[in-house]
Amino acid sequence: MPLKSFKPLTPSQRYKELPSFSEITKKTPEKSLLTPLKRSGGRNNTGRITCRHIGGGHKRHYRLVDFKRRKHDVPATVLGIEYDPNRTCRIALIQYEDGQKSYILAPVGLKVGETVVSGEKVAPRTGNAMPLKSVPLGTDIHNIELLPGSGGKVARSAGQFAVLSNRDGGWALVKMPSGEIRRFHEACFCTIGQVGNRDHMNEVSGKAGRTRWQGIRPTVRGMCMNPVDHPNGGGEGKSKSGGGRQHLLSPWGHAKGQKTRKKKKTTGVFIVESRHQRKKK
């Protein structure tokens, strides 16, 4: 999807790069697949802020996206490609032969009028969902289940894809977008293709107001705070003694760069090759 630039008539337009939305074919969402979405403002049930930098933003409806694709061997026609404010990629509205409508993640190359289907013996075409045991080796996949029947969890954001590299003893080895090689049960479903809106990472909002429309509030550096507010705070100016330059910490005391994954996490047995080991090579 191409991005559009602007003439620098104002400072905010000088570096602004926004999506052209040329792939959008349907502007009005399907009402039967909408549900209310309440904002928390980053606060928990007692009203305290537990997640900073959240607040405001435009009102949204949540689109009920089908991540499980459990309607097997029933062809569905793509009715339109829509914008989803709740995710970075686009979504596709499909309609099954019995009239039921559903949303799926729109992969690269999916066009209006095409047919998608889910099942164990379907063709490995873009948009089709199938178990890992039926996918040809070397195929780009997305929306991968961690457990059979749990719904897709892996590689769902814009431009993401994983690659099925091997199968062995009822397990499939998948190279993740991060470079990690991980084992999945071969009965886990996935969708063929790469998630659309590949240029999302190159977007430049151009002004702070557009970020506020998205519900993101400003971030203040810890070194600009007082010692009572942040471990890096304090000092006169850019202090190297008491101003936090000697200890880069988060507000909760974690050193930046510290590994937060538990060493004895049960799902660690599924990681064949860590993404951190690949960087060292």
# chains A, B, ... in the order shown; residues from 1 in each chain; ligands from 1
>>> residues_around(residues="Arg217 (chain A)", least_positions_apart="2", cutoff="8 Å", atoms="only C-alpha atoms", output="list in words")
His53, Ile54, Gly55, Gly56, Thr211, Arg212, Gly215 and Thr219 of chain A
>>> select_by_dssp(residues="region 67-243 of chain A", states="strand (DSSP E)", output="PyMOL selection string")
chain A and resi 76-82+91-96+101-105+115-116+129-131+140-142+144-145+152-154+162-168+171-175+181-185+189-192
>>> write_last_selection(atoms="N, CA and C atoms", output="short mmCIF file (atom, residue, chain, number, x, y, z; two decimals), in the first residue's frame")
data_model
loop_
_atom_site.label_atom_id
_atom_site.label_comp_id
_atom_site.auth_asym_id
_atom_site.auth_seq_id
_atom_site.Cartn_x
_atom_site.Cartn_y
_atom_site.Cartn_z
N ALA A 76 -16.13 -18.81 0.96
CA ALA A 76 -16.62 -17.48 1.31
C ALA A 76 -16.09 -16.48 0.29
N THR A 77 -16.92 -15.52 -0.06
CA THR A 77 -16.55 -14.49 -1.04
C THR A 77 -16.16 -13.21 -0.33
N VAL A 78 -15.10 -12.57 -0.79
CA VAL A 78 -14.64 -11.32 -0.21
C VAL A 78 -15.53 -10.19 -0.71
N LEU A 79 -16.24 -9.53 0.22
CA LEU A 79 -17.15 -8.45 -0.14
C LEU A 79 -16.46 -7.09 -0.15
N GLY A 80 -15.42 -6.92 0.68
CA GLY A 80 -14.76 -5.62 0.73
C GLY A 80 -13.58 -5.63 1.67
N ILE A 81 -12.69 -4.66 1.47
CA ILE A 81 -11.54 -4.44 2.35
C ILE A 81 -11.83 -3.18 3.15
N GLU A 82 -11.74 -3.25 4.49
CA GLU A 82 -12.12 -2.15 5.35
C GLU A 82 -10.96 -1.71 6.24
N ILE A 91 -8.82 -5.20 7.37
CA ILE A 91 -9.63 -6.39 7.53
C ILE A 91 -10.51 -6.57 6.30
N ALA A 92 -10.86 -7.82 6.03
CA ALA A 92 -11.67 -8.15 4.87
C ALA A 92 -13.01 -8.71 5.33
N LEU A 93 -14.09 -8.20 4.75
CA LEU A 93 -15.42 -8.71 5.04
C LEU A 93 -15.72 -9.83 4.06
N ILE A 94 -16.02 -11.02 4.58
CA ILE A 94 -16.33 -12.17 3.74
C ILE A 94 -17.74 -12.66 4.04
N GLN A 95 -18.34 -13.31 3.07
CA GLN A 95 -19.68 -13.87 3.22
C GLN A 95 -19.67 -15.31 2.74
N TYR A 96 -20.09 -16.21 3.64
CA TYR A 96 -20.15 -17.63 3.29
C TYR A 96 -21.36 -17.93 2.42
N LYS A 101 -21.79 -13.62 7.53
CA LYS A 101 -20.69 -12.71 7.25
C LYS A 101 -19.67 -12.76 8.38
N SER A 102 -18.44 -12.44 8.04
CA SER A 102 -17.37 -12.50 9.02
C SER A 102 -16.24 -11.58 8.58
N TYR A 103 -15.42 -11.19 9.56
CA TYR A 103 -14.21 -10.41 9.28
C TYR A 103 -12.99 -11.30 9.43
N ILE A 104 -12.01 -11.13 8.53
CA ILE A 104 -10.72 -11.79 8.66
C ILE A 104 -9.63 -10.74 8.40
N LEU A 105 -8.42 -11.05 8.80
CA LEU A 105 -7.30 -10.17 8.50
C LEU A 105 -7.05 -10.20 6.99
N THR A 115 -12.40 -15.84 -3.61
CA THR A 115 -12.98 -16.83 -2.71
C THR A 115 -11.91 -17.35 -1.77
N VAL A 116 -12.24 -17.41 -0.48
CA VAL A 116 -11.35 -17.98 0.53
C VAL A 116 -12.10 -19.11 1.23
N ALA A 129 -7.24 -20.77 5.11
CA ALA A 129 -6.77 -21.22 6.43
C ALA A 129 -6.67 -22.74 6.43
N MET A 130 -5.61 -23.26 6.99
CA MET A 130 -5.38 -24.70 6.99
C MET A 130 -4.42 -25.06 8.12
N PRO A 131 -4.39 -26.33 8.55
CA PRO A 131 -3.45 -26.73 9.61
C PRO A 131 -2.02 -26.75 9.09
N ASP A 140 4.82 -18.65 3.29
CA ASP A 140 4.58 -17.53 4.21
C ASP A 140 3.21 -17.69 4.85
N ILE A 141 3.13 -17.60 6.17
CA ILE A 141 1.88 -17.78 6.88
C ILE A 141 1.74 -16.69 7.93
N HIS A 142 0.51 -16.51 8.41
CA HIS A 142 0.23 -15.56 9.49
C HIS A 142 -0.96 -16.07 10.28
N ILE A 144 -1.26 -17.50 13.32
CA ILE A 144 -0.97 -18.88 13.70
C ILE A 144 -1.47 -19.14 15.11
N GLU A 145 -2.07 -20.30 15.31
CA GLU A 145 -2.56 -20.70 16.63
C GLU A 145 -1.40 -21.22 17.48
N GLY A 152 -5.96 -17.77 16.13
CA GLY A 152 -4.65 -17.25 15.77
C GLY A 152 -4.14 -16.22 16.75
N LYS A 153 -2.88 -16.33 17.12
CA LYS A 153 -2.25 -15.41 18.06
C LYS A 153 -0.97 -14.81 17.51
N VAL A 154 -0.30 -15.49 16.59
CA VAL A 154 1.04 -15.11 16.16
C VAL A 154 0.97 -14.47 14.77
N ALA A 162 5.29 -15.34 9.05
CA ALA A 162 6.23 -16.36 9.51
C ALA A 162 6.42 -17.36 8.37
N VAL A 163 7.45 -18.18 8.49
CA VAL A 163 7.77 -19.14 7.42
C VAL A 163 7.82 -20.53 8.02
N LEU A 164 7.06 -21.45 7.42
CA LEU A 164 7.10 -22.85 7.84
C LEU A 164 8.36 -23.48 7.27
N SER A 165 9.28 -23.86 8.15
CA SER A 165 10.58 -24.33 7.69
C SER A 165 10.72 -25.84 7.69
N ASN A 166 10.03 -26.54 8.62
CA ASN A 166 10.22 -28.00 8.69
C ASN A 166 9.10 -28.62 9.52
N ARG A 167 8.97 -29.93 9.41
CA ARG A 167 8.03 -30.72 10.23
C ARG A 167 8.74 -31.96 10.72
N ASP A 168 8.46 -32.34 11.98
CA ASP A 168 9.14 -33.50 12.54
C ASP A 168 8.35 -34.02 13.73
N TRP A 171 5.26 -32.16 15.00
CA TRP A 171 5.49 -30.75 15.29
C TRP A 171 5.96 -30.03 14.03
N ALA A 172 5.64 -28.76 13.96
CA ALA A 172 6.07 -27.93 12.84
C ALA A 172 7.04 -26.88 13.37
N LEU A 173 8.14 -26.68 12.64
CA LEU A 173 9.11 -25.66 13.01
C LEU A 173 8.83 -24.41 12.18
N VAL A 174 8.57 -23.32 12.86
CA VAL A 174 8.18 -22.07 12.20
C VAL A 174 9.19 -20.99 12.56
N LYS A 175 9.68 -20.29 11.55
CA LYS A 175 10.56 -19.15 11.79
C LYS A 175 9.69 -17.93 12.00
N ILE A 181 13.01 -19.42 16.05
CA ILE A 181 12.47 -20.65 15.49
C ILE A 181 11.75 -21.38 16.61
N ARG A 182 10.47 -21.66 16.38
CA ARG A 182 9.61 -22.18 17.44
C ARG A 182 8.82 -23.39 16.94
N ARG A 183 8.53 -24.30 17.86
CA ARG A 183 7.73 -25.48 17.52
C ARG A 183 6.25 -25.20 17.75
N PHE A 184 5.43 -25.63 16.81
CA PHE A 184 3.98 -25.58 16.92
C PHE A 184 3.43 -26.98 16.65
N HIS A 185 2.33 -27.30 17.31
CA HIS A 185 1.68 -28.57 16.99
C HIS A 185 1.14 -28.50 15.57
N PHE A 189 -3.99 -24.24 13.28
CA PHE A 189 -4.37 -23.62 12.02
C PHE A 189 -3.57 -22.33 11.80
N CYS A 190 -3.42 -21.98 10.55
CA CYS A 190 -2.77 -20.73 10.17
C CYS A 190 -3.41 -20.26 8.87
N THR A 191 -3.09 -19.05 8.48
CA THR A 191 -3.61 -18.47 7.24
C THR A 191 -2.45 -18.23 6.29
N ILE A 192 -2.67 -18.52 5.02
CA ILE A 192 -1.62 -18.40 4.01
C ILE A 192 -1.45 -16.93 3.62
#
>>> atom_distance(atom1="CA of Arg43 (chain A)", atom2="CA of Gly257 (chain A)")
26.3 Å
>>> closest_residue(among="A:Leu110, A:Ala187, A:Ala155, A:Val117", to="Asn143 (chain A)", atoms="only C-alpha atoms")
A:Ala155
>>> select_by_dssp(residues="region 42-270 of chain A", states="helix (DSSP H, G or I)", output="VMD selection string")
chain A and resid 132 to 134 198 to 202 208 to 213 222 to 224 266 to 270
>>> closest_residue(among="A:Gly57, A:Pro29, A:Gly42, A:Pro251", to="Val220 (chain A)", atoms="only C-alpha atoms")
A:Pro251
>>> atom_distance(atom1="CA of Glu203 (chain A)", atom2="CA of Val65 (chain A)")
24.2 Å
>>> residues_around(residues="Leu18 (chain A)", least_positions_apart="5", cutoff="8 Å", atoms="only C-alpha atoms", output="ChimeraX atom specification")
/A:3-5,203-205
